[in-house]
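*Asks:* Quick one: the structure is below, questions incoming.
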Amino acid sequence: MELNIIVLAKQVPDTRNVGEQAMNADGTINRAALPAVFNPEDLNALEQALLLKDSNPGSKVTVLTMGPARAADILREALYRGADEGVLLTDRAFAGADTLATSYALSTAVRKIGKFDIVLCGRQAIDGDTAQVGPQVAQMLGLPQITCVRKVLSMNDGVLVAERGIENGVEVVKASLPLLLTVEGVAAPCRPRNAYRMLRFHRAATPSEQASEGYRYSSQAKSDEALCLKEWSLEYIGGDASRCGLSGSPTKVKKVENIVFRAKESKRYSSSDCDLKALVAELVENHTIG
Amino acid sequence: MDNILVYCELDGTRVVDVSLELLSEGRRLADKLGVGLEAVAAGKGLSSVPEQVFKYGVDKLHLFDDERLEYYMTLPHASLLCKLVKENSYQIFLLGATVVGRDLAPRITAELHCGLTADCTSLEIGPYEDKKNGKVIENLLYQVRPAFGGNIVATIVNPYNRPQMATVREGVMPLSVVKEEGYAGTVVEHAVSDYLSDADFVIEILERRVKPAENNLKNASLVIAGGYGMGSKENFDQLYVLAHLLHGEVGATRAAIDAGYATADRQIGSTGLTVRPKVYFACGISGQVQHVSGMQESGIIISINSDPDAPINAIADYVITGKVEEVVPKLITFYQQKQ
């Protein structure tokens, strides 16, 4: 069975390894100094899409991302690893979106893509860890969802069986397509870039990138449609501006505080018997232990 | 004013801890606002649920009791909750930030078109000024949550859409029994067939494999955690002796687990458990941000490290500088002597 698979992916600042170069003098994070990466669990989702394509020849994997122009980087990354097509959803109107406004834009773009049997995305993105976009997109598209997928066990005649993580265990569920799946980080890691695909698709670019001065592959892009990443605006997907971006977001950020690892007034002890006895006595005394 | 609703997640027919914590918090917020607290549970064989929840001060309990609801499934729960909220209108709707809560809550917000804040660590009531129109909205729910890998803490509000929805992590809100035994609020037993159709049951559960957690780390009030600095499995095993003595649980850093000192279910940090014990012993732990984000809200932090400048010491209340493999046995001995 030939499947149309859509993977929702996000470019995120890498919050996992905040090195010294990304720390401000006051101990806060300099977000601009963090590298922008393919959200890790979205890569797990891409792998599930590619596995489904492997076992269902003729299937098509389209990667959709919403973000600024530089988010086209993760579309190229997806092409290097085996995706067939990349769509960048980009518009000032999308800026400042919370999860609900993001899900609205993504679900509207998925409808614009048109044919789909399976929508896949990571369980959550590492910059917000909310895990909301998958279920919200599913609801907006009227699709059943299977969250926290660890493995697709089978896909036959339009019926998919998957193993998903639940509290203290796993669950095996069965459902008919179309479906939305969110994939956990413990699922199979994404396959590496393919050298041949890198040679070809490093030239892939959005219309904006192709129009920029530094782009040197215009002639190839003219004859190879696969090098033309799609770049869609709000108007193009026919979305309602009042449901997008900041104005379409029911949640507002009232306040943001940077976590500063401020030195506490710690009491210091050596490992001498005398010191440790005094410490144990104090901890018992003030009911910390015992 | 509209009431507050809390979703009671079930493990079989037992209301899980985080839901009871939310009932306690919901009661506190409801009293602040001068409104009622309602709870909802969906499952099979719910006759024991009322007595489990009423002591936390629930005014009204909605029950959906049906054969087909034995195990949690997204679509039926989402459908009946959406209908319940539309029928009654609530100003606040709280769920646990569990696998179930995080599967269910966003689905509901997409249908009801309301805001949702995930994984809150504290909730408060207060005013909000809309800078666009200068309007001040009173009595909004402040939803406080860590973001950006634990590097920032944000306060989120939903000024205009209702209900204001939030999921809250387990172990954050204290339990508080506010009613005498024998108190009972109103129980509303809903006819499930009025709320659900066959279309809600298109996903079939073929198999469930659940085993109870082998440790009680997430609920422990005292945690003895060891890092790579423990040096060996034998040294690490000393922590179990100390933990047993102090009625605590043993946790570990990713590095200690990778080194084979402990099993993965004991991992504390951004890719493991988040714990908030009253007392946290950090033994041979340097204090990488990934670990610290999973324990920084602990009450009293005691660090044992041979490096006097280990980053963990900056957030510790007590710092013991010395070889951890010598300090831990001494602490055990001196504590026993004290007993």
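Identifiers in the structure tokens: chain A, B, ... in order shown; residue index from 1 per chain; ligand index from 1 in order shown.
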Excluding A:Ala195 and any residue of its chain fewer than 4 positions from it, enumerate the residues within 9 Å of it, using only C-alpha atoms, and give them as a ChimeraX atom specification.
*Replies:* /A:80,199-200
*Asks:* For stretch 230-234 of chain B, list every protein, DNA or RNA residue within 8 Å, evaluated using only C-alpha atoms, and leave out those in the same chain fewer than 5 positions away; present the list as a list of chain:residue names.
*Replies:* B:Ala256, B:Gly260, B:Tyr261, B:Ala262, B:Cys283, B:Gly284, B:Val324, B:Glu325
*Asks:* Have a look at A:Lys254, A:Lys267, A:Lys222, A:Lys115 and name the one nearest to A:Ser59; count only C-alpha atoms.
*Replies:*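 Of all the options, A:Lys115 lies closest to A:Ser59.
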*Asks:* Among stretch 23-195 of chain A, which ones does DSSP place in alpha helix (DSSP H), written as a PyMOL selection string?
*Replies:* chain A and resi 40-55+72-81+99-113+133-141+195
*Asks:* Would you mind listing, as a VMD selection string, all residues of chain A that have at least one atom within 6 Å of chain B, where only C-alpha atoms are what counts?
*Replies:* chain A and resid 15 127 to 128 130 132 135 to 136 139 168 to 175 250 to 259 263 to 264 266 to 271
*Asks:* Can those selected residues be exported to a file as a compact mmCIF listing (two decimals), in the first residue's frame so that it contains N, CA and C atoms?
*Replies:*
# COMPACT_ATOMS: atom_id res chain seq x y z
N THR A 15 18.86 22.87 23.89
CA THR A 15 18.90 23.17 25.33
C THR A 15 19.56 22.06 26.12
N ASP A 127 12.54 22.67 23.44
CA ASP A 127 12.54 24.05 23.93
C ASP A 127 11.34 24.34 24.82
N GLY A 128 10.27 23.56 24.68
CA GLY A 128 9.09 23.82 25.51
C GLY A 128 8.64 22.60 26.29
N THR A 130 6.20 20.70 25.89
CA THR A 130 4.77 20.70 26.25
C THR A 130 4.04 19.45 25.78
N GLN A 132 2.09 19.19 23.34
CA GLN A 132 0.70 19.55 23.02
C GLN A 132 0.39 19.54 21.52
N PRO A 135 -1.31 16.10 19.77
CA PRO A 135 -2.74 15.89 20.02
C PRO A 135 -3.64 17.03 19.49
N GLN A 136 -3.15 18.27 19.55
CA GLN A 136 -3.98 19.38 19.05
C GLN A 136 -4.17 19.28 17.54
N GLN A 139 -6.68 16.55 16.81
CA GLN A 139 -8.07 16.96 17.03
C GLN A 139 -8.54 17.89 15.92
N ASN A 168 4.67 3.36 33.75
CA ASN A 168 5.19 2.06 34.23
C ASN A 168 4.97 0.89 33.27
N GLY A 169 4.91 1.14 31.98
CA GLY A 169 4.75 0.00 31.09
C GLY A 169 4.52 0.39 29.65
N VAL A 170 4.01 -0.57 28.90
CA VAL A 170 3.71 -0.32 27.50
C VAL A 170 2.32 -0.86 27.17
N GLU A 171 1.80 -0.34 26.07
CA GLU A 171 0.48 -0.73 25.61
C GLU A 171 0.60 -0.99 24.11
N VAL A 172 -0.08 -2.01 23.62
CA VAL A 172 -0.11 -2.27 22.18
C VAL A 172 -1.51 -1.93 21.68
N VAL A 173 -1.58 -1.02 20.71
CA VAL A 173 -2.89 -0.60 20.22
C VAL A 173 -2.99 -0.77 18.71
N LYS A 174 -4.23 -0.88 18.26
CA LYS A 174 -4.50 -1.12 16.84
C LYS A 174 -5.50 -0.08 16.36
N ALA A 175 -5.25 0.47 15.19
CA ALA A 175 -6.20 1.46 14.66
C ALA A 175 -6.09 1.51 13.14
N PRO A 250 -4.27 31.80 22.94
CA PRO A 250 -4.98 32.09 24.19
C PRO A 250 -4.03 32.30 25.37
N THR A 251 -2.87 31.67 25.36
CA THR A 251 -1.97 31.84 26.50
C THR A 251 -1.05 33.03 26.26
N LYS A 252 -0.84 33.79 27.32
CA LYS A 252 0.09 34.92 27.25
C LYS A 252 1.16 34.72 28.32
N VAL A 253 2.36 35.11 27.97
CA VAL A 253 3.44 35.02 28.95
C VAL A 253 3.40 36.28 29.81
N LYS A 254 3.17 36.09 31.09
CA LYS A 254 3.10 37.23 32.00
C LYS A 254 4.49 37.63 32.44
N LYS A 255 5.32 36.64 32.68
CA LYS A 255 6.62 36.93 33.26
C LYS A 255 7.56 35.77 32.94
N VAL A 256 8.82 36.11 32.69
CA VAL A 256 9.83 35.07 32.49
C VAL A 256 11.00 35.35 33.40
N GLU A 257 11.37 34.36 34.15
CA GLU A 257 12.54 34.53 35.02
C GLU A 257 13.61 33.55 34.57
N ASN A 258 14.81 34.05 34.44
CA ASN A 258 15.92 33.14 34.16
C ASN A 258 16.32 32.45 35.44
N ILE A 259 16.62 31.18 35.29
CA ILE A 259 17.10 30.45 36.45
C ILE A 259 18.58 30.78 36.61
N ALA A 263 24.62 31.22 44.25
CA ALA A 263 25.23 30.50 45.37
C ALA A 263 24.39 30.69 46.63
N LYS A 264 24.06 29.58 47.26
CA LYS A 264 23.36 29.65 48.53
C LYS A 264 24.40 29.90 49.62
N SER A 266 26.02 28.25 51.91
CA SER A 266 26.15 26.88 52.38
C SER A 266 27.04 26.80 53.62
N LYS A 267 26.70 25.84 54.44
CA LYS A 267 27.57 25.54 55.59
C LYS A 267 28.60 24.53 55.11
N ARG A 268 29.83 24.77 55.43
CA ARG A 268 30.89 23.89 54.92
C ARG A 268 31.48 23.01 56.02
N TYR A 269 31.70 21.77 55.67
CA TYR A 269 32.27 20.81 56.62
C TYR A 269 33.41 20.06 55.95
N SER A 270 34.38 19.67 56.74
CA SER A 270 35.42 18.78 56.20
C SER A 270 34.98 17.35 56.44
N SER A 271 35.80 16.39 56.05
CA SER A 271 35.41 15.00 56.27
C SER A 271 35.99 14.45 57.57
*Asks:* List the spatial neighbours of A:Val133 as JSON, numbers by chain - criterion: any atom at most 10 Å away, only C-alpha atoms, same-chain residues fewer than 4 positions off excluded.
*Replies:* {"A": [8, 98, 99, 100, 101, 102, 103, 104, 106, 107, 121, 122, 123, 124, 125, 137, 138, 139, 182], "B": [106, 107, 110]}
